[in-house]
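To be precise, the following lines are start02.txt, and they hold compact mmCIF, C-alpha atoms.
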# COMPACT_ATOMS: atom_id res chain seq x y z
CA MET A 1 0.00 0.00 0.00
CA PHE A 2 2.83 2.36 0.93
CA LYS A 3 4.58 1.48 -2.29
CA SER A 4 1.45 2.28 -4.33
CA ARG A 5 1.03 5.62 -2.54
CA GLY A 6 4.70 6.45 -3.11
CA CYS A 7 4.44 5.60 -6.80
CA ALA A 8 1.40 7.82 -7.21
CA GLN A 9 3.14 10.75 -5.56
CA ALA A 10 6.23 10.25 -7.74
CA LEU A 11 4.09 10.25 -10.89
CA ARG A 12 2.38 13.50 -9.81
CA ARG A 13 5.74 15.16 -9.16
CA ALA A 14 7.02 14.04 -12.57
CA ALA A 15 3.90 15.44 -14.30
CA THR A 16 4.37 18.77 -12.50
CA ILE A 17 7.99 18.97 -13.63
CA ARG A 18 7.05 18.28 -17.26
CA GLN A 19 4.53 21.12 -17.19
CA THR A 20 6.90 23.68 -15.68
CA VAL A 21 10.16 22.78 -17.46
CA PRO A 22 10.05 23.81 -21.15
CA THR A 23 11.02 21.12 -23.62
CA PRO A 24 13.44 21.79 -26.48
CA LEU A 25 10.50 21.72 -28.91
CA ALA A 26 8.59 24.27 -26.88
CA ASN A 27 11.67 26.48 -26.76
CA PHE A 28 12.04 26.23 -30.51
CA ARG A 29 8.41 27.13 -31.17
CA GLU A 30 8.57 30.10 -28.82
CA ALA A 31 11.75 31.36 -30.46
CA ALA A 32 10.38 30.80 -33.94
CA ALA A 33 7.31 32.87 -33.14
CA ARG A 34 9.56 35.83 -32.39
CA LEU A 35 11.57 35.50 -35.62
CA PRO A 36 10.63 37.34 -38.83
CA CYS A 37 8.53 35.18 -41.16
CA ARG A 38 10.67 33.08 -43.45
CA SER A 39 8.29 30.59 -45.04
CA TYR A 40 6.41 31.37 -48.24
CA SER A 41 3.01 30.76 -46.63
CA GLN A 42 3.79 33.12 -43.74
CA ALA A 43 5.06 35.77 -46.15
CA VAL A 44 1.92 35.51 -48.26
CA GLU A 45 -0.35 35.76 -45.22
CA ARG A 46 1.46 38.78 -43.78
CA THR A 47 1.50 40.48 -47.18
CA ALA A 48 -2.23 39.87 -47.53
CA GLN A 49 -2.86 41.34 -44.09
CA ALA A 50 -0.81 44.41 -44.95
CA SER A 51 -2.61 44.89 -48.25
CA ARG A 52 -5.99 44.73 -46.51
CA THR A 53 -5.02 47.50 -44.15
CA ALA A 54 -3.00 49.67 -46.56
CA PRO A 55 -4.86 52.58 -48.17
CA VAL A 56 -5.63 52.34 -51.89
CA ILE A 57 -4.03 55.24 -53.76
CA THR A 58 -5.53 56.35 -57.07
CA PRO A 59 -4.98 59.45 -59.19
CA SER A 60 -7.15 62.36 -58.04
CA LYS A 61 -10.07 62.44 -60.45
CA SER A 62 -13.76 62.59 -59.79
CA ARG A 63 -16.05 59.75 -60.75
CA ALA A 64 -17.48 61.88 -63.54
CA GLU A 65 -14.00 62.50 -64.94
CA TRP A 66 -13.18 58.79 -64.89
CA GLN A 67 -16.47 57.94 -66.60
CA LYS A 68 -15.93 60.58 -69.28
CA GLN A 69 -12.44 59.33 -70.04
CA ASP A 70 -13.48 55.67 -70.03
CA ALA A 71 -16.32 56.49 -72.44
CA VAL A 72 -13.77 57.75 -74.99
CA LEU A 73 -11.79 54.51 -74.72
CA VAL A 74 -14.91 52.38 -75.00
CA GLN A 75 -16.07 54.27 -78.08
CA HIS A 76 -12.74 53.83 -79.80
CA LEU A 77 -12.61 50.07 -79.28
CA ASN A 78 -16.28 49.64 -80.19
CA ASP A 79 -15.70 51.53 -83.44
CA VAL A 80 -12.53 49.69 -84.45
CA PHE A 81 -13.79 46.24 -83.48
CA SER A 82 -17.49 46.55 -84.24
CA PRO A 83 -19.83 44.87 -83.36
CA LEU A 84 -18.00 44.01 -80.12
CA LYS A 85 -19.10 46.03 -77.10
CA PHE A 86 -16.35 46.58 -74.55
CA PRO A 87 -17.23 47.21 -70.88
CA PRO A 88 -15.70 50.45 -69.53
CA GLU A 89 -13.48 48.67 -67.03
CA LEU A 90 -12.04 46.39 -69.74
CA ALA A 91 -11.50 49.21 -72.25
CA SER A 92 -9.77 51.29 -69.60
CA ARG A 93 -7.51 48.41 -68.63
CA ILE A 94 -6.57 47.55 -72.22
CA LEU A 95 -5.69 51.13 -73.14
CA THR A 96 -3.71 52.06 -70.00
CA HIS A 97 -0.02 51.19 -69.93
CA ALA A 98 1.88 50.74 -66.68
CA SER A 99 4.01 53.82 -67.47
CA HIS A 100 1.00 56.17 -67.12
CA PRO A 101 0.02 57.66 -63.72
CA ASP A 102 -3.50 56.22 -64.15
CA ALA A 103 -1.94 52.75 -63.95
CA MET A 104 -2.38 53.05 -60.18
CA ARG A 105 -6.05 52.50 -60.91
CA ARG A 106 -5.61 49.71 -63.49
CA HIS A 107 -3.34 48.83 -66.43
CA ASN A 108 -2.90 46.25 -69.17
CA GLY A 109 -0.01 44.21 -67.76
CA ARG A 110 -1.97 41.04 -66.98
CA LEU A 111 -4.01 41.15 -70.16
CA SER A 112 -0.86 41.47 -72.27
CA PHE A 113 0.54 38.37 -70.56
CA VAL A 114 -2.60 36.44 -71.49
CA GLY A 115 -2.69 37.93 -74.99
CA ARG A 116 0.86 36.83 -75.79
CA ARG A 117 -0.04 33.23 -74.98
CA VAL A 118 -3.22 33.44 -77.04
CA LEU A 119 -1.35 34.82 -80.04
CA GLN A 120 1.34 32.17 -79.76
CA SER A 121 -1.24 29.38 -79.50
CA TYR A 122 -3.16 30.51 -82.58
CA LEU A 123 -0.01 30.99 -84.64
CA LEU A 124 1.32 27.56 -83.67
CA MET A 125 -1.98 25.93 -84.63
CA PHE A 126 -1.96 27.82 -87.93
CA ILE A 127 1.62 26.78 -88.75
CA HIS A 128 1.08 23.17 -87.71
CA SER A 129 -1.97 22.84 -89.98
CA SER A 130 -0.47 24.72 -92.94
CA PRO A 131 0.55 22.87 -96.12
CA ALA A 132 3.59 25.15 -96.21
CA LEU A 133 5.12 23.55 -93.11
CA ARG A 134 8.51 21.95 -93.72
CA PRO A 135 10.67 19.82 -91.38
CA GLU A 136 13.41 22.44 -91.33
CA HIS A 137 11.08 25.22 -90.13
CA ASP A 138 11.89 26.37 -86.59
CA TYR A 139 8.71 27.01 -84.61
CA GLU A 140 10.42 29.18 -82.00
CA LEU A 141 12.12 31.36 -84.60
CA ILE A 142 8.87 31.81 -86.53
CA LEU A 143 7.05 32.83 -83.35
CA GLU A 144 9.76 35.26 -82.31
CA ARG A 145 9.88 37.04 -85.66
CA ALA A 146 6.12 37.19 -86.21
CA LEU A 147 4.92 38.05 -82.71
CA ASN A 148 7.77 40.17 -81.42
CA THR A 149 6.23 42.94 -79.32
CA TYR A 150 8.05 45.64 -81.30
CA VAL A 151 6.74 44.18 -84.57
CA LEU A 152 3.19 44.20 -83.25
CA GLY A 153 3.62 47.80 -82.13
CA GLU A 154 5.02 48.94 -85.47
CA HIS A 155 2.75 47.08 -87.89
CA VAL A 156 -0.50 46.16 -86.09
CA ALA A 157 -1.09 48.97 -83.59
CA PRO A 158 -1.31 51.73 -86.26
CA LYS A 159 -4.07 49.79 -88.05
CA TRP A 160 -6.08 49.96 -84.84
CA GLN A 161 -5.22 53.66 -84.27
CA ILE A 162 -4.01 52.84 -80.77
CA GLY A 163 -1.82 55.93 -80.61
CA LYS A 164 -4.90 58.19 -80.57
CA VAL A 165 -6.19 56.97 -77.22
CA LEU A 166 -3.52 54.93 -75.46
CA LYS A 167 -2.52 56.23 -72.04
CA TRP A 168 1.26 55.97 -71.66
CA ARG A 169 4.39 58.03 -71.02
CA PRO A 170 7.27 58.23 -73.55
CA MET A 171 10.79 57.90 -72.21
CA ASN A 172 14.14 59.41 -73.21
CA VAL A 173 12.53 62.59 -74.57
CA GLY A 174 13.47 65.08 -71.87
CA ASN A 175 10.80 67.66 -71.06
CA MET A 176 8.43 66.05 -73.58
CA SER A 177 8.11 62.98 -71.37
CA LYS A 178 4.58 63.70 -70.22
CA PRO A 179 1.62 61.33 -69.90
CA LEU A 180 -0.27 60.91 -73.17
CA GLY A 181 -3.81 59.75 -73.76
CA PRO A 182 -7.21 60.81 -75.11
CA ASN A 183 -7.63 64.57 -75.45
CA VAL A 184 -3.92 65.15 -74.75
CA GLU A 185 -1.97 67.01 -77.42
CA VAL A 186 0.97 64.93 -78.63
CA PRO A 187 4.22 66.95 -78.91
CA SER A 188 5.04 67.55 -82.57
CA PRO A 189 8.43 65.75 -82.44
CA LEU A 190 6.53 62.59 -81.44
CA MET A 191 3.97 62.81 -84.23
CA ASN A 192 6.01 61.29 -87.06
CA LEU A 193 8.91 59.39 -85.60
CA GLU A 194 11.34 57.33 -87.64
CA PRO A 195 11.33 53.63 -86.70
CA ASP A 196 14.60 53.84 -84.76
CA ASN A 197 13.39 56.86 -82.79
CA ALA A 198 10.03 55.22 -82.12
CA ARG A 199 11.88 52.29 -80.59
CA SER A 200 14.10 54.54 -78.48
CA VAL A 201 11.16 56.34 -76.84
CA GLY A 202 9.41 53.03 -76.16
CA MET A 203 6.48 53.61 -78.49
CA TYR A 204 6.65 50.34 -80.42
CA LYS A 205 7.12 48.33 -77.23
CA VAL A 206 4.22 50.04 -75.46
CA HIS A 207 1.93 49.86 -78.50
CA GLY A 208 2.83 46.20 -79.05
CA THR A 209 2.04 45.43 -75.43
CA THR A 210 -1.36 47.03 -75.97
CA VAL A 211 -1.98 44.85 -79.04
CA GLU A 212 -1.29 41.82 -76.86
CA ALA A 213 -3.58 43.20 -74.15
CA LEU A 214 -6.38 43.75 -76.66
CA VAL A 215 -6.16 40.13 -77.78
CA GLY A 216 -6.10 38.99 -74.16
CA GLY A 217 -9.09 41.20 -73.36
CA VAL A 218 -11.10 39.89 -76.30
CA PHE A 219 -10.27 36.31 -75.34
CA HIS A 220 -11.34 36.99 -71.75
CA GLN A 221 -14.53 38.91 -72.54
CA PHE A 222 -15.82 37.40 -75.78
CA GLY A 223 -14.25 33.94 -75.90
CA GLY A 224 -11.76 31.95 -77.94
CA SER A 225 -13.79 31.83 -81.15
CA VAL A 226 -13.93 35.64 -81.43
CA ALA A 227 -10.25 35.97 -80.50
CA HIS A 228 -9.39 33.38 -83.17
CA ARG A 229 -11.22 35.33 -85.86
CA LEU A 230 -9.60 38.54 -84.63
CA PHE A 231 -6.18 36.92 -84.98
CA HIS A 232 -6.73 35.77 -88.57
CA THR A 233 -8.47 38.92 -89.82
CA ARG A 234 -7.02 41.82 -87.78
CA VAL A 235 -3.56 40.63 -86.72
CA LEU A 236 -1.95 38.11 -89.07
CA PRO A 237 -2.69 39.99 -92.35
CA HIS A 238 -0.63 42.93 -91.03
CA LEU A 239 2.36 40.67 -90.39
CA LEU A 240 2.86 39.64 -94.01
CA LEU A 241 5.94 41.81 -94.47
CA GLN A 242 7.58 41.36 -97.85
CA GLY A 243 11.36 41.63 -98.04
CA SER A 244 11.83 41.68 -94.27
CA HIS A 245 13.16 39.13 -91.80
CA GLU A 246 10.45 40.35 -89.40
CA GLY A 247 6.81 39.29 -89.55
CA LEU A 248 5.37 35.95 -90.60
CA HIS A 249 7.66 33.56 -92.47
CA VAL A 250 7.17 34.18 -96.19
CA ALA A 251 6.32 30.52 -96.82
CA TYR A 252 3.03 30.97 -94.92
CA HIS A 253 1.83 34.19 -96.53
CA ASP A 254 -0.44 32.57 -99.12
CA HIS A 255 -2.07 30.31 -96.58
CA ALA A 256 -2.59 33.25 -94.19
CA ARG A 257 -4.36 35.21 -96.93
CA GLU A 258 -6.48 32.17 -97.77
CA VAL A 259 -7.63 31.73 -94.17
CA CYS A 260 -8.33 35.45 -93.85
CA GLU A 261 -10.51 35.45 -96.97
CA LYS A 262 -12.45 32.44 -95.72
CA MET A 263 -13.27 34.45 -92.60
CA GLY A 264 -14.50 37.41 -94.60
CA GLY A 265 -11.30 39.36 -95.26
CA PRO A 266 -9.50 41.99 -93.14
CA GLN A 267 -12.85 43.45 -92.06
CA GLY A 268 -14.64 40.13 -91.77
CA PRO A 269 -17.26 39.64 -89.04
CA LEU A 270 -15.90 38.90 -85.60
CA LEU A 271 -19.21 37.45 -84.45
CA ARG A 272 -21.03 34.69 -86.28
Can the structure from this file be put into structure tokens for me?
Amino acid sequence: MFKSRGCAQALRRAATIRQTVPTPLANFREAAARLPCRSYSQAVERTAQASRTAPVITPSKSRAEWQKQDAVLVQHLNDVFSPLKFPPELASRILTHASHPDAMRRHNGRLSFVGRRVLQSYLLMFIHSSPALRPEHDYELILERALNTYVLGEHVAPKWQIGKVLKWRPMNVGNMSKPLGPNVEVPSPLMNLEPDNARSVGMYKVHGTTVEALVGGVFHQFGGSVAHRLFHTRVLPHLLLQGSHEGLHVAYHDHAREVCEKMGGPQGPLLR
């Protein structure tokens, strides 16, 4: 009996010691809680918490001013790509580059990412199904030369009159580096730039990014079928550049024209 009572008391004393003396694991957890977050999940959670509490900064314009400006962008896209009807938020996003102050509100970075993949997918499908395909043709090289952002900005964007409404800021032009957009007078030296100068101020790159964003926006809003017709009627025909190493490989020009004509030509219907 005395042995049983002594054992019970010893067990209680051992339990008390375990509760009061921290284990190495407990020490580690306590120390880790005081360390800056190092894991990806912790970083994401703390960033999310900070973003929820941080104030949202947007350019100082009234709601009426935003609506008036967005209406101009919507009208332009609706006219160029009739009968498509672009929502104001989408039109504003497509036609705002990250270099413009209004990009704090929204810009076309994500849509251009999507648009590049859409363009590449449609061009690869076109090449793979073309009778002009040869074993020696390099898919990657064809994609790079046809869908280079600068090429899109130089040869496709002007057909869509993007320069009239796009919100962006030229670079490397000194005191003329001011935000451009609808109802903003473009400095005369920027009106008729030579190709090399247009590249140096970033115009072709910015305009080409907007072409990609437009394709991404159409794919997102109106679906793959409309984006596919847009590609073959409003994009690819402008990349048939004779006597140039840029643009679509010359071997595919005839097939590109054939597909475009089957879809109604360069102004063929985007909706069926």
May I ask which of the residues A:Val151, A:Ile94, A:Ala103, A:Val80 is the closest one to Pro179 in chain A, counting only C-alpha atoms?
A:Ala103
Top pick for closest residue to Ala227 in chain A, considering A:Lys61, A:Lys68, A:Arg117, A:Arg106 and counting only C-alpha atoms
A:Arg117
Which value, in Å to one decimal, gives the distance between CA of Asp102 in chain A and CA of Trp168 in chain A?
8.9 Å
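The two atoms in question, CA of Arg145 in chain A and CA of Leu239 in chain A, are spaced 9.6 Å apart.
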Rounded to one decimal, what separation in Å do you get between CA of Glu140 in chain A and CA of Arg257 in chain A?
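One can read the CA of Glu140 in chain A to CA of Arg257 in chain A distance as 21.9 Å.
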Calculated over all atoms listed in the file, which of the candidates A:Val206, A:Phe222, A:His137, A:Gly163 has the smallest distance to Ala251 in chain A?
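Among A:Val206, A:Phe222, A:His137, A:Gly163, it is A:His137 that comes nearest to Ala251 in chain A.
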Residue nearest Leu111 in chain A among A:Leu143, A:Val211, A:Leu152, A:Ala71 (counting all atoms listed in the file)
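That would be A:Val211, the residue with the smallest distance to Leu111 in chain A.
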My list of candidates is A:Lys159, A:His245, A:Lys262, A:Lys167. Which is closest to Phe81 in chain A when distances are computed with all atoms listed in the file?
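Between A:Lys159, A:His245, A:Lys262, A:Lys167, the residue approaching Phe81 in chain A most closely is A:Lys159.
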Rank A:Ser121, A:Glu65, A:Tyr150, A:Leu77 by their smallest atom-to-atom distance to Glu246 in chain A, using only C-alpha atoms, and report the top residue only.
A:Tyr150
In the coordinate frame of the file, compute which residues have an atom within 12 Å of (-4.6, 42.0, -88.3) when using only C-alpha atoms, and state them as a PyMOL selection string.
chain A and resi 80-81+119+146-147+152-153+155-160+211-212+214-215+227-240+247-248+256-257+260+265-268
Once you have the residues from the selection above, write them out as a PDB file, in the coordinates of the input, restricted to C-alpha atoms.
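Result went into again_29.pdb, see below:
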ATOM      1  CA  VAL A  80     -12.530  49.690 -84.450  1.00  0.00           C
ATOM      2  CA  PHE A  81     -13.790  46.240 -83.480  1.00  0.00           C
ATOM      3  CA  LEU A 119      -1.350  34.820 -80.040  1.00  0.00           C
ATOM      4  CA  ALA A 146       6.120  37.190 -86.210  1.00  0.00           C
ATOM      5  CA  LEU A 147       4.920  38.050 -82.710  1.00  0.00           C
ATOM      6  CA  LEU A 152       3.190  44.200 -83.250  1.00  0.00           C
ATOM      7  CA  GLY A 153       3.620  47.800 -82.130  1.00  0.00           C
ATOM      8  CA  HIS A 155       2.750  47.080 -87.890  1.00  0.00           C
ATOM      9  CA  VAL A 156      -0.500  46.160 -86.090  1.00  0.00           C
ATOM     10  CA  ALA A 157      -1.090  48.970 -83.590  1.00  0.00           C
ATOM     11  CA  PRO A 158      -1.310  51.730 -86.260  1.00  0.00           C
ATOM     12  CA  LYS A 159      -4.070  49.790 -88.050  1.00  0.00           C
ATOM     13  CA  TRP A 160      -6.080  49.960 -84.840  1.00  0.00           C
ATOM     14  CA  VAL A 211      -1.980  44.850 -79.040  1.00  0.00           C
ATOM     15  CA  GLU A 212      -1.290  41.820 -76.860  1.00  0.00           C
ATOM     16  CA  LEU A 214      -6.380  43.750 -76.660  1.00  0.00           C
ATOM     17  CA  VAL A 215      -6.160  40.130 -77.780  1.00  0.00           C
ATOM     18  CA  ALA A 227     -10.250  35.970 -80.500  1.00  0.00           C
ATOM     19  CA  HIS A 228      -9.390  33.380 -83.170  1.00  0.00           C
ATOM     20  CA  ARG A 229     -11.220  35.330 -85.860  1.00  0.00           C
ATOM     21  CA  LEU A 230      -9.600  38.540 -84.630  1.00  0.00           C
ATOM     22  CA  PHE A 231      -6.180  36.920 -84.980  1.00  0.00           C
ATOM     23  CA  HIS A 232      -6.730  35.770 -88.570  1.00  0.00           C
ATOM     24  CA  THR A 233      -8.470  38.920 -89.820  1.00  0.00           C
ATOM     25  CA  ARG A 234      -7.020  41.820 -87.780  1.00  0.00           C
ATOM     26  CA  VAL A 235      -3.560  40.630 -86.720  1.00  0.00           C
ATOM     27  CA  LEU A 236      -1.950  38.110 -89.070  1.00  0.00           C
ATOM     28  CA  PRO A 237      -2.690  39.990 -92.350  1.00  0.00           C
ATOM     29  CA  HIS A 238      -0.630  42.930 -91.030  1.00  0.00           C
ATOM     30  CA  LEU A 239       2.360  40.670 -90.390  1.00  0.00           C
ATOM     31  CA  LEU A 240       2.860  39.640 -94.010  1.00  0.00           C
ATOM     32  CA  GLY A 247       6.810  39.290 -89.550  1.00  0.00           C
ATOM     33  CA  LEU A 248       5.370  35.950 -90.600  1.00  0.00           C
ATOM     34  CA  ALA A 256      -2.590  33.250 -94.190  1.00  0.00           C
ATOM     35  CA  ARG A 257      -4.360  35.210 -96.930  1.00  0.00           C
ATOM     36  CA  CYS A 260      -8.330  35.450 -93.850  1.00  0.00           C
ATOM     37  CA  GLY A 265     -11.300  39.360 -95.260  1.00  0.00           C
ATOM     38  CA  PRO A 266      -9.500  41.990 -93.140  1.00  0.00           C
ATOM     39  CA  GLN A 267     -12.850  43.450 -92.060  1.00  0.00           C
ATOM     40  CA  GLY A 268     -14.640  40.130 -91.770  1.00  0.00           C
TER      41      GLY A 268
END
Residues near Thr96 in chain A, cut-off 6 Å, only C-alpha atoms, skip fewer than 3 positions along chain, as number ranges by chain
A: 93, 107-108, 167
